[in-house]
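As provided, entry-v8.txt (compact mmCIF, C-alpha atoms and all ligand atoms) reads as follows.
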```
# COMPACT_ATOMS: atom_id res chain seq x y z
CA VAL A 879 -25.87 4.69 -8.93
CA THR A 880 -28.37 6.46 -11.17
CA SER A 881 -31.03 4.13 -12.45
CA SER A 882 -33.64 5.10 -15.03
CA ASP A 883 -36.32 3.61 -17.22
CA LEU A 884 -34.46 4.99 -20.21
CA LEU A 885 -30.87 6.07 -20.69
CA VAL A 886 -30.01 7.98 -23.87
CA VAL A 887 -26.39 7.92 -25.04
CA GLY A 888 -25.71 11.25 -26.78
CA GLY A 889 -27.18 14.72 -26.40
CA GLY A 890 -27.39 15.89 -30.02
CA VAL A 891 -30.73 16.64 -31.66
CA ILE A 892 -31.58 12.95 -32.02
CA GLY A 893 -30.79 12.04 -28.39
CA LEU A 894 -32.51 15.12 -26.95
CA ALA A 895 -35.62 14.77 -29.12
CA SER A 896 -35.85 11.10 -28.12
CA ALA A 897 -35.37 11.86 -24.42
CA TRP A 898 -38.00 14.61 -24.50
CA ALA A 899 -40.54 12.32 -26.18
CA ALA A 900 -39.87 9.46 -23.76
CA ALA A 901 -39.99 11.68 -20.68
CA ARG A 902 -43.30 13.14 -21.80
CA SER A 903 -44.75 9.68 -22.05
CA GLY A 904 -43.80 9.12 -18.41
CA ALA A 905 -40.43 7.32 -18.53
CA SER A 906 -37.76 8.45 -16.05
CA THR A 907 -35.04 9.45 -18.51
CA THR A 908 -31.31 10.22 -18.35
CA VAL A 909 -29.12 11.66 -21.11
CA VAL A 910 -25.37 11.02 -21.02
CA ASP A 911 -23.13 13.25 -23.13
CA PRO A 912 -19.49 14.36 -22.76
CA GLY A 913 -20.51 17.99 -23.35
CA ARG A 914 -17.47 18.75 -25.49
CA GLY A 915 -19.33 20.61 -28.22
CA GLU A 916 -18.77 17.82 -30.77
CA ALA A 917 -22.36 17.43 -31.92
CA ALA A 918 -23.08 17.68 -35.65
CA SER A 919 -26.37 19.15 -34.54
CA ASP A 920 -24.67 22.39 -33.49
CA VAL A 921 -23.06 22.80 -36.92
CA ALA A 922 -25.77 21.69 -39.37
CA ALA A 923 -27.27 24.09 -41.90
CA GLY A 924 -30.77 23.11 -40.79
CA MET A 925 -32.41 22.57 -44.15
CA LEU A 926 -35.53 20.46 -43.84
CA ALA A 927 -35.28 19.15 -47.34
CA PRO A 928 -37.05 15.87 -48.10
CA VAL A 929 -37.64 16.88 -51.72
CA THR A 930 -34.28 18.46 -52.57
CA GLU A 931 -32.53 15.52 -50.86
CA ALA A 932 -34.54 12.87 -52.77
CA HIS A 933 -32.12 10.57 -54.59
CA TYR A 934 -32.60 7.75 -57.06
CA GLY A 935 -33.13 4.41 -55.32
CA GLU A 936 -33.86 5.93 -51.88
CA GLU A 937 -37.67 5.95 -51.98
CA GLU A 938 -38.07 4.45 -48.48
CA LEU A 939 -35.88 7.15 -47.02
CA LEU A 940 -37.85 9.77 -48.96
CA ARG A 941 -41.06 8.51 -47.34
CA LEU A 942 -39.55 8.82 -43.86
CA ASN A 943 -38.09 12.25 -44.67
CA LEU A 944 -41.50 13.46 -45.89
CA ALA A 945 -43.22 12.03 -42.82
CA SER A 946 -40.77 13.83 -40.54
CA ALA A 947 -41.20 17.13 -42.43
CA GLN A 948 -44.94 16.81 -41.87
CA LEU A 949 -44.42 16.39 -38.13
CA TYR A 950 -42.34 19.56 -37.98
CA PRO A 951 -44.90 22.39 -37.67
CA GLU A 952 -46.69 20.89 -34.69
CA TRP A 953 -43.51 19.57 -33.10
CA ILE A 954 -41.87 23.02 -33.30
CA ALA A 955 -44.97 24.84 -32.02
CA ASP A 956 -45.04 22.50 -29.04
CA LEU A 957 -41.29 22.82 -28.44
CA GLU A 958 -41.30 26.63 -28.64
CA ARG A 959 -44.26 26.81 -26.27
CA THR A 960 -42.63 24.42 -23.81
CA SER A 961 -39.13 25.89 -23.92
CA GLY A 962 -39.88 29.56 -24.60
CA ILE A 963 -37.09 29.48 -27.22
CA ASN A 964 -37.54 30.49 -30.85
CA VAL A 965 -35.86 27.88 -33.07
CA GLY A 966 -35.92 29.82 -36.34
CA TYR A 967 -38.35 27.57 -38.19
CA ARG A 968 -38.88 29.40 -41.50
CA ARG A 969 -41.30 28.10 -44.09
CA SER A 970 -39.84 29.90 -47.06
CA GLY A 971 -39.34 26.99 -49.47
CA THR A 972 -36.19 26.21 -51.44
CA LEU A 973 -35.09 27.34 -54.88
CA LEU A 974 -32.81 24.98 -56.79
CA VAL A 975 -30.94 26.74 -59.59
CA ALA A 976 -28.79 25.86 -62.61
CA ARG A 977 -25.57 27.81 -63.06
CA ASP A 978 -25.10 26.71 -66.70
CA ALA A 979 -26.62 24.62 -69.49
CA ASP A 980 -25.26 21.33 -68.07
CA ASP A 981 -26.80 22.07 -64.68
CA ASN A 982 -30.07 22.92 -66.38
CA ALA A 983 -30.11 19.57 -68.20
CA ALA A 984 -29.50 17.89 -64.83
CA LEU A 985 -32.44 19.84 -63.38
CA ASP A 986 -34.63 18.57 -66.25
CA ARG A 987 -33.84 14.99 -65.24
CA LEU A 988 -34.31 15.76 -61.57
CA PHE A 989 -37.63 17.47 -62.23
CA ARG A 990 -38.90 14.40 -64.16
CA PHE A 991 -37.85 12.16 -61.26
CA GLN A 992 -39.48 14.42 -58.65
CA THR A 993 -42.70 14.70 -60.68
CA LYS A 994 -42.86 10.91 -61.14
CA LEU A 995 -42.71 10.57 -57.35
CA GLY A 996 -45.61 13.01 -57.03
CA LEU A 997 -43.52 15.63 -55.19
CA ALA A 998 -44.56 19.29 -55.09
CA VAL A 999 -42.17 21.08 -57.47
CA ASP A 1000 -42.37 23.89 -60.05
CA ARG A 1001 -40.00 24.19 -63.01
CA LEU A 1002 -38.90 27.80 -63.50
CA THR A 1003 -37.26 29.75 -66.31
CA ALA A 1004 -34.22 31.91 -65.63
CA ARG A 1005 -36.49 34.93 -65.45
CA GLY A 1006 -38.87 33.09 -63.08
CA CYS A 1007 -35.92 32.40 -60.76
CA ARG A 1008 -34.78 36.03 -60.77
CA GLU A 1009 -38.29 37.28 -60.09
CA MET A 1010 -38.24 35.14 -57.00
CA GLU A 1011 -34.66 36.02 -56.00
CA PRO A 1012 -33.42 39.26 -57.63
CA GLY A 1013 -29.97 38.73 -56.12
CA LEU A 1014 -29.27 35.75 -58.42
CA SER A 1015 -26.48 36.01 -60.96
CA PRO A 1016 -27.58 36.91 -64.52
CA GLY A 1017 -25.90 33.65 -65.59
CA VAL A 1018 -28.47 31.44 -63.84
CA ARG A 1019 -30.25 29.34 -66.51
CA GLY A 1020 -33.38 28.05 -64.76
CA GLY A 1021 -34.56 26.37 -61.62
CA ILE A 1022 -36.97 24.25 -59.63
CA PHE A 1023 -38.96 25.77 -56.79
CA VAL A 1024 -39.67 23.39 -53.91
CA PRO A 1025 -42.37 25.06 -51.81
CA ASP A 1026 -42.26 22.62 -48.88
CA ASP A 1027 -38.52 22.37 -48.13
CA HIS A 1028 -37.94 24.73 -45.21
CA GLN A 1029 -35.33 25.48 -42.53
CA VAL A 1030 -34.72 25.59 -38.80
CA ASP A 1031 -31.75 26.88 -36.76
CA PRO A 1032 -30.17 23.67 -35.41
CA ALA A 1033 -28.18 25.31 -32.58
CA ALA A 1034 -31.37 26.99 -31.31
CA LEU A 1035 -33.21 23.70 -31.75
CA THR A 1036 -30.66 21.94 -29.54
CA ARG A 1037 -30.97 24.62 -26.85
CA ALA A 1038 -34.77 24.42 -26.95
CA LEU A 1039 -34.77 20.62 -26.77
CA ARG A 1040 -32.42 20.72 -23.81
CA ALA A 1041 -34.69 23.20 -22.00
CA ALA A 1042 -37.76 21.10 -22.85
CA CYS A 1043 -36.00 17.98 -21.53
CA GLU A 1044 -35.13 19.75 -18.28
CA GLY A 1045 -38.75 20.89 -17.97
CA ALA A 1046 -39.93 17.31 -18.46
CA GLY A 1047 -37.63 16.04 -15.68
CA VAL A 1048 -34.85 14.49 -17.79
CA SER A 1049 -31.55 14.11 -15.86
CA PHE A 1050 -28.24 14.93 -17.49
CA VAL A 1051 -24.96 13.14 -16.78
CA THR A 1052 -21.67 14.46 -18.18
CA GLY A 1053 -19.56 11.58 -19.43
CA ARG A 1054 -18.73 9.29 -22.30
CA VAL A 1055 -20.34 5.86 -22.47
CA GLY A 1056 -17.89 3.05 -23.19
CA GLU A 1057 -20.06 -0.02 -22.98
CA VAL A 1058 -23.65 -1.18 -22.67
CA ALA A 1059 -24.10 -4.72 -21.39
CA ALA A 1060 -26.81 -7.01 -20.05
CA ALA A 1061 -27.03 -7.15 -16.24
CA PRO A 1062 -29.33 -9.13 -13.93
CA ASP A 1063 -31.50 -6.06 -13.27
CA GLY A 1064 -31.61 -4.56 -16.77
CA LEU A 1065 -28.70 -2.95 -18.59
CA ARG A 1066 -25.42 -1.72 -17.21
CA VAL A 1067 -23.95 1.35 -18.85
CA ALA A 1068 -20.25 1.82 -18.15
CA LEU A 1069 -18.77 5.30 -18.55
CA GLU A 1070 -15.16 5.67 -19.67
CA ASP A 1071 -14.22 7.17 -16.30
CA ALA A 1072 -15.33 3.89 -14.63
CA ARG A 1073 -18.64 5.18 -13.29
CA GLY A 1074 -21.56 2.86 -13.91
CA LEU A 1075 -25.25 3.55 -14.49
CA THR A 1076 -28.16 1.19 -14.85
CA ALA A 1077 -31.29 1.43 -16.95
CA ALA A 1078 -34.15 -0.74 -18.12
CA ARG A 1079 -33.63 0.46 -21.68
CA VAL A 1080 -30.93 2.30 -23.61
CA VAL A 1081 -31.04 4.38 -26.79
CA ILE A 1082 -27.76 4.79 -28.67
CA ALA A 1083 -27.79 8.23 -30.30
CA ALA A 1084 -24.11 9.15 -30.22
CA GLY A 1085 -23.98 10.47 -33.77
CA ALA A 1086 -20.83 9.71 -35.74
CA ARG A 1087 -19.30 8.01 -32.68
CA SER A 1088 -22.15 5.55 -32.21
CA GLY A 1089 -19.98 2.72 -33.52
CA ASP A 1090 -17.57 3.15 -30.59
CA VAL A 1091 -20.33 3.01 -27.99
CA ALA A 1092 -22.13 0.08 -29.45
CA ALA A 1093 -19.04 -2.05 -29.86
CA SER A 1094 -19.98 -4.40 -27.06
CA VAL A 1095 -23.59 -4.59 -28.21
CA VAL A 1096 -23.43 -4.72 -31.97
CA PRO A 1097 -20.76 -3.13 -34.16
CA LEU A 1098 -22.67 -0.29 -35.79
CA PRO A 1099 -21.21 0.67 -39.16
CA VAL A 1100 -21.27 4.42 -38.57
CA ARG A 1101 -18.42 6.63 -39.75
CA PRO A 1102 -17.73 10.37 -39.51
CA VAL A 1103 -18.21 12.30 -42.77
CA LYS A 1104 -16.58 15.69 -42.33
CA GLY A 1105 -18.52 18.75 -43.39
CA GLN A 1106 -17.29 22.36 -43.46
CA LEU A 1107 -19.65 25.28 -43.81
CA LEU A 1108 -19.27 29.04 -43.73
CA ARG A 1109 -21.19 31.66 -41.81
CA LEU A 1110 -21.43 35.07 -43.46
CA ARG A 1111 -23.19 38.07 -41.95
CA ALA A 1112 -25.34 40.83 -43.40
CA ARG A 1113 -23.99 44.39 -43.24
CA GLY A 1114 -26.46 47.24 -43.51
CA GLN A 1115 -28.51 46.07 -46.47
CA GLY A 1116 -29.63 42.69 -45.21
CA LEU A 1117 -29.00 39.40 -47.01
CA PRO A 1118 -29.02 39.10 -50.82
CA ILE A 1119 -31.54 36.19 -50.80
CA ASP A 1120 -34.75 35.45 -48.86
CA ARG A 1121 -35.13 31.68 -49.16
CA ASN A 1122 -32.96 28.57 -49.21
CA LEU A 1123 -31.01 28.44 -52.42
CA ARG A 1124 -29.30 25.36 -53.82
CA GLY A 1125 -26.98 24.92 -56.73
CA LEU A 1126 -25.77 21.45 -57.66
CA ASP A 1127 -22.61 21.82 -55.56
CA VAL A 1128 -23.42 24.48 -52.94
CA TYR A 1129 -26.32 25.68 -50.81
CA LEU A 1130 -27.11 29.02 -49.15
CA VAL A 1131 -29.41 29.27 -46.16
CA PRO A 1132 -30.46 32.77 -45.02
CA ARG A 1133 -31.38 32.99 -41.33
CA ALA A 1134 -33.71 35.57 -39.86
CA ASP A 1135 -30.87 36.94 -37.68
CA GLY A 1136 -28.87 38.08 -40.73
CA THR A 1137 -26.58 35.04 -40.97
CA LEU A 1138 -26.08 33.37 -44.34
CA ILE A 1139 -24.93 29.74 -44.17
CA VAL A 1140 -22.89 28.53 -47.15
CA GLY A 1141 -22.29 24.79 -47.25
CA ALA A 1142 -21.00 22.28 -47.35
CA THR A 1143 -18.12 19.96 -48.07
CA VAL A 1144 -18.58 16.19 -47.84
CA GLU A 1145 -15.21 14.67 -46.93
CA GLU A 1146 -14.02 11.22 -45.86
CA MET A 1147 -11.46 12.66 -43.45
CA SER A 1148 -12.29 10.93 -40.19
CA TYR A 1149 -12.20 13.39 -37.26
CA ASP A 1150 -9.94 15.95 -38.89
CA ARG A 1151 -10.90 19.25 -37.22
CA ALA A 1152 -9.14 21.69 -39.50
CA PRO A 1153 -11.05 24.20 -41.57
CA THR A 1154 -9.16 24.15 -44.87
CA ALA A 1155 -8.28 26.96 -47.26
CA GLY A 1156 -9.52 24.89 -50.21
CA ALA A 1157 -12.97 24.42 -48.69
CA VAL A 1158 -13.33 28.11 -47.89
CA HIS A 1159 -12.21 29.02 -51.40
CA ASP A 1160 -14.55 26.55 -53.14
CA LEU A 1161 -17.60 27.43 -51.06
CA LEU A 1162 -17.10 31.19 -51.47
CA ARG A 1163 -16.51 30.87 -55.22
CA ARG A 1164 -19.59 28.71 -55.75
CA ALA A 1165 -21.75 31.00 -53.62
CA TYR A 1166 -20.45 34.05 -55.52
CA GLU A 1167 -21.21 32.40 -58.88
CA LEU A 1168 -24.87 32.04 -57.88
CA VAL A 1169 -25.29 35.22 -55.83
CA PRO A 1170 -22.63 37.89 -56.50
CA GLY A 1171 -23.84 39.94 -53.53
CA THR A 1172 -22.32 37.36 -51.16
CA ALA A 1173 -18.98 39.09 -51.76
CA GLU A 1174 -20.22 42.14 -49.80
CA LEU A 1175 -21.07 40.17 -46.67
CA GLU A 1176 -18.92 39.98 -43.55
CA PHE A 1177 -17.00 36.72 -43.17
CA ASP A 1178 -17.94 35.37 -39.75
CA SER A 1179 -16.57 31.84 -39.35
CA VAL A 1180 -16.00 28.33 -40.65
CA ALA A 1181 -17.69 25.46 -38.81
CA VAL A 1182 -16.62 21.83 -38.96
CA GLY A 1183 -18.87 18.89 -38.08
CA TRP A 1184 -19.11 15.15 -38.62
CA ARG A 1185 -22.21 13.61 -40.15
CA PRO A 1186 -23.01 10.10 -38.97
CA GLY A 1187 -22.60 8.20 -42.27
CA THR A 1188 -23.62 4.59 -42.99
CA PRO A 1189 -22.72 2.20 -45.84
CA ASP A 1190 -26.08 2.68 -47.61
CA ASN A 1191 -26.59 6.35 -46.56
CA ALA A 1192 -29.76 5.40 -44.67
CA PRO A 1193 -30.21 5.80 -40.90
CA LEU A 1194 -30.08 3.01 -38.34
CA ILE A 1195 -33.32 3.19 -36.36
CA GLY A 1196 -34.67 0.21 -34.45
CA ARG A 1197 -33.98 -2.52 -31.93
CA ALA A 1198 -30.39 -3.70 -31.57
CA ALA A 1199 -29.38 -7.33 -31.10
CA LEU A 1200 -29.08 -6.83 -27.33
CA ASP A 1201 -32.47 -6.83 -25.59
CA GLY A 1202 -33.57 -3.42 -24.32
CA VAL A 1203 -31.27 -1.47 -26.64
CA PHE A 1204 -32.56 0.78 -29.43
CA VAL A 1205 -30.38 2.42 -32.05
CA ALA A 1206 -31.16 5.94 -33.33
CA THR A 1207 -28.23 7.08 -35.45
CA GLY A 1208 -26.67 7.20 -38.91
CA HIS A 1209 -28.88 10.10 -40.02
CA PHE A 1210 -26.08 11.37 -42.25
CA ARG A 1211 -27.23 14.53 -44.09
CA ASN A 1212 -30.78 14.61 -42.68
CA GLY A 1213 -30.60 14.26 -38.92
CA ILE A 1214 -32.19 17.61 -38.20
CA LEU A 1215 -35.07 16.81 -40.53
CA LEU A 1216 -35.45 13.30 -39.08
CA ALA A 1217 -35.48 14.29 -35.39
CA PRO A 1218 -39.28 14.27 -34.87
CA ALA A 1219 -39.84 10.98 -36.74
CA THR A 1220 -36.96 9.34 -34.86
CA ALA A 1221 -38.21 10.63 -31.51
CA ARG A 1222 -41.66 9.29 -32.29
CA ALA A 1223 -40.17 5.86 -33.03
CA VAL A 1224 -38.25 5.88 -29.73
CA ALA A 1225 -41.34 6.93 -27.74
CA THR A 1226 -43.45 4.22 -29.38
CA TRP A 1227 -40.80 1.62 -28.56
CA VAL A 1228 -40.55 2.82 -24.94
CA GLU A 1229 -44.33 2.72 -24.51
CA SER A 1230 -45.14 -0.51 -26.33
CA GLY A 1231 -41.94 -2.31 -27.27
CA GLU A 1232 -43.04 -1.99 -30.90
CA VAL A 1233 -41.30 -0.17 -33.74
CA PRO A 1234 -43.47 1.98 -36.05
CA ASP A 1235 -43.82 0.83 -39.67
CA ASP A 1236 -42.24 3.94 -41.18
CA VAL A 1237 -38.86 3.15 -39.60
CA ALA A 1238 -39.03 -0.65 -40.13
CA PRO A 1239 -36.85 -0.51 -43.30
CA PHE A 1240 -34.06 1.13 -41.25
CA SER A 1241 -33.49 -1.62 -38.71
CA PRO A 1242 -29.83 -1.65 -37.64
CA LEU A 1243 -29.98 -5.41 -38.18
CA ARG A 1244 -30.84 -5.09 -41.87
CA GLU A 1245 -29.13 -7.26 -44.47
CA LYS A 1246 -26.69 -4.68 -45.81
CA ARG A 1247 -25.36 -4.07 -42.32
CA VAL A 1248 -25.13 -7.70 -41.29
CA ALA A 1249 -23.16 -8.33 -44.50
CA GLY A 1250 -20.24 -6.89 -42.53
CA VAL A 1251 -19.45 -3.70 -44.40
CA PRO A 1252 -16.38 -2.20 -42.72
CA ARG A 1253 -16.87 0.96 -40.68
C1 LIG B 1301 -21.85 20.62 -42.29
C2 LIG B 1301 -23.13 19.86 -41.97
C3 LIG B 1301 -24.35 20.31 -42.49
C4 LIG B 1301 -25.53 19.62 -42.21
N1 LIG B 1301 -26.70 20.11 -42.70
C5 LIG B 1301 -27.87 19.47 -42.40
C6 LIG B 1301 -29.11 20.00 -42.82
O1 LIG B 1301 -29.14 21.04 -43.49
N2 LIG B 1301 -30.26 19.33 -42.52
C7 LIG B 1301 -30.23 18.16 -41.80
O2 LIG B 1301 -31.31 17.60 -41.54
N3 LIG B 1301 -29.06 17.65 -41.34
C8 LIG B 1301 -27.90 18.27 -41.65
N4 LIG B 1301 -26.70 17.75 -41.21
C9 LIG B 1301 -26.70 16.44 -40.56
C10 LIG B 1301 -27.06 16.55 -39.09
O3 LIG B 1301 -26.24 17.51 -38.48
C11 LIG B 1301 -26.88 15.19 -38.39
O4 LIG B 1301 -27.49 14.15 -39.12
C12 LIG B 1301 -27.50 15.25 -37.00
O5 LIG B 1301 -27.07 16.41 -36.32
C13 LIG B 1301 -27.16 14.02 -36.20
O6 LIG B 1301 -27.63 14.22 -34.90
P1 LIG B 1301 -27.20 13.23 -33.72
O7 LIG B 1301 -27.91 13.67 -32.51
O8 LIG B 1301 -27.40 11.84 -34.20
O9 LIG B 1301 -25.63 13.41 -33.61
P2 LIG B 1301 -24.78 14.62 -32.98
O10 LIG B 1301 -25.46 15.91 -33.15
O11 LIG B 1301 -23.40 14.48 -33.52
O12 LIG B 1301 -24.79 14.31 -31.43
C14 LIG B 1301 -24.17 13.17 -30.91
C15 LIG B 1301 -23.79 13.46 -29.47
O13 LIG B 1301 -23.34 12.24 -28.87
C16 LIG B 1301 -22.21 12.54 -28.10
N5 LIG B 1301 -21.40 11.31 -27.90
C17 LIG B 1301 -20.49 10.78 -28.75
N6 LIG B 1301 -19.96 9.67 -28.21
C18 LIG B 1301 -20.55 9.51 -27.00
C19 LIG B 1301 -20.42 8.55 -25.97
N7 LIG B 1301 -19.54 7.52 -26.08
N8 LIG B 1301 -21.18 8.67 -24.85
C20 LIG B 1301 -22.07 9.70 -24.73
N9 LIG B 1301 -22.22 10.64 -25.69
C21 LIG B 1301 -21.48 10.54 -26.80
C22 LIG B 1301 -21.49 13.60 -28.88
O14 LIG B 1301 -20.58 14.32 -28.05
C23 LIG B 1301 -22.65 14.46 -29.35
O15 LIG B 1301 -22.97 15.47 -28.41
C24 LIG B 1301 -25.49 18.43 -41.43
C25 LIG B 1301 -24.28 18.00 -40.90
C26 LIG B 1301 -23.11 18.71 -41.16
C27 LIG B 1301 -21.83 18.23 -40.54
```
Show how you would write the structure in this file as structure tokens.
Ligand SMILES: Cc1cc2nc3c(=O)[nH]c(=O)nc-3n(C[C@H](O)[C@H](O)[C@H](O)COP(=O)(O)OP(=O)(O)OC[C@H]3O[C@@H](n4cnc5c(N)ncnc54)[C@H](O)[C@@H]3O)c2cc1C
Amino acid sequence: VTSSDLLVVGGGVIGLASAWAAARSGASTTVVDPGRGEAASDVAAGMLAPVTEAHYGEEELLRLNLASAQLYPEWIADLERTSGINVGYRRSGTLLVARDADDNAALDRLFRFQTKLGLAVDRLTARGCREMEPGLSPGVRGGIFVPDDHQVDPAALTRALRAACEGAGVSFVTGRVGEVAAAPDGLRVALEDARGLTAARVVIAAGARSGDVAASVVPLPVRPVKGQLLRLRARGQGLPIDRNLRGLDVYLVPRADGTLIVGATVEEMSYDRAPTAGAVHDLLRRAYELVPGTAELEFDSVAVGWRPGTPDNAPLIGRAALDGVFVATGHFRNGILLAPATARAVATWVESGEVPDDVAPFSPLREKRVAGVPR
């Protein structure tokens, strides 16, 4: 029987970042994951976008998103040094553009909202946008430049975190956790194949499937929100844009290796795995409308992933009802961005039993959850 100070359920970005942080603070740590390649973290576009993802009524989440973005530079430098793996952290900013007059009116409203919140944003004319990105369609009407919304390559980030965990002495167990329950000597973690592990503490970070794991502890209201995105590849001339580009219904993320990510659908389709013709068509058309040069790129692949969604679109980070269990899930569209802030919360809890103030509003026991919203 493996016994650890901390057992982490799930080896996506959130579980690995948490395990790395805990192991570095001295806890003997184990990560359990089925290893089936189902992590959203391997599919994500990797935008680190607290400002472009700021929505009305989500100011607490904005604060946490901004705090996590601020942790990024040092966290990445440390991770790259430790793992020897480049994770494609590019600080190129994000350009939000309007395809037509209606979009431009929406950007006016958005710009007023962002400015009221004190966020760093610049309103640009159509010409200002094209000076920044000459590959933009002549139809583009105007934009907002967000200098601090950057990107990372999530698949490389996962590989680096795994290497850093191994370097810090984290053990890995291949399996799927079915149940976490109180035992006389701590917590008993039952795997679906009937193996059992014990641990003093457990973190549930199983992404969209966290609700299944936690069933015996507390029914977490996490559901899979399907996302499809496209990978296009540069041929000869390089990519037609240099920085993250967002329209109101599509985004384009150019990676240093010549890949252009075009995303993404947001679909309530449970665990449907199929890439669909309609999604490919819509994403390509929207990308082409903003940047005609996308039509010249090589079509590489369609990726499908499942965001861990919650009823109020905010993550679940904090102590669960069962003693010794911490929940770190429900990061929905911003799990890559929120990895360092979540890992910091887990490490603080492991060291002191306390939960940092910046994640306090996201307790999994919060009112809206307890109200019994169906999964
Ligand atoms: C198309 C798309 C685009 C996205 N773009 C962005 C973006 O640009 N920026 C951003 O910040 N976020 C983005 N996201 C969201 C981001 O991917 C997620 O919020 C984040 O990856 C969640 O990480 P996680 O570790 O919680 O979950 P996951 O990465 O899903 O990992 C969970 C792991 O737990 C494992 N698991 C499941 N059940 C069990 C069990 N019973 N026992 C043990 N292990 C289990 C799974 O196999 C998996 O490996 C995007 C998501 C999608 C789908």
Option closest in space to His1028 in chain A, from A:Gly904, A:Pro1242, A:Pro1132, A:Gly915 [counting all atoms listed in the file]: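 Checking each candidate against His1028 in chain A, we get A:Pro1132 as the closest.
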Counting only C-alpha atoms, the residue of A:Asn982, A:Thr960, A:Thr930, A:Gln1106 that sits nearest Val1144 in chain A: A:Gln1106
Shell of 8 Å around Ala1219 in chain A, all atoms listed in the file, local chain residues under 2 positions omitted, as a ChimeraX atom specification: /A:942,945-946,949,1216-1217,1221-1223
Pairwise distance for CA of Thr1076 in chain A and CA of Leu885 in chain A, rounded to one decimal in Å: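 It comes out at 8.1 Å.
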Protein, DNA and RNA residues within 10 Å of (-13.2, 14.5, -44.1), all atoms listed in the file, as a VMD selection string: chain A and resid 1102 to 1106 1143 to 1152 1182 to 1185
Protein and nucleic residues near ligand LIG 1301 (chain B), 7 Å, only C-alpha atoms and all ligand atoms, as a PyMOL selection string: chain A and resi 887-893+910-927+1053-1056+1083-1088+1090-1091+1104-1107+1141-1143+1182-1186+1207-1216
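Minimum atom-to-atom distances from A:Glu952, A:Glu936, A:Asp1120, A:Glu1044 to Ser970 in chain A were compared using all atoms listed in the file, and the lowest value belongs to A:Asp1120.
The residue that comes closest to Ala899 in chain A, out of A:Gly1047, A:Pro1016, A:Gly935, A:Gly1074 and on the basis of only C-alpha atoms, is A:Gly1047.
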Two-atom distance - CA of Leu940 in chain A, CA of Asp1235 in chain A (Å):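 CA of Leu940 in chain A sits 14.2 Å away from CA of Asp1235 in chain A.
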Nearest-residue call for Glu1176 in chain A, choices A:Val1131, A:Leu1117, A:Ala1112, A:Ala1155, using all atoms listed in the file: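 Result for the nearest residue to Glu1176 in chain A: A:Ala1112.
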Counting all atoms listed in the file, the option among A:Glu937, A:Glu931, A:Glu1167, A:Asp1127 closest to Leu995 in chain A: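 Using all atoms listed in the file, the shortest distance to Leu995 in chain A belongs to A:Glu937.
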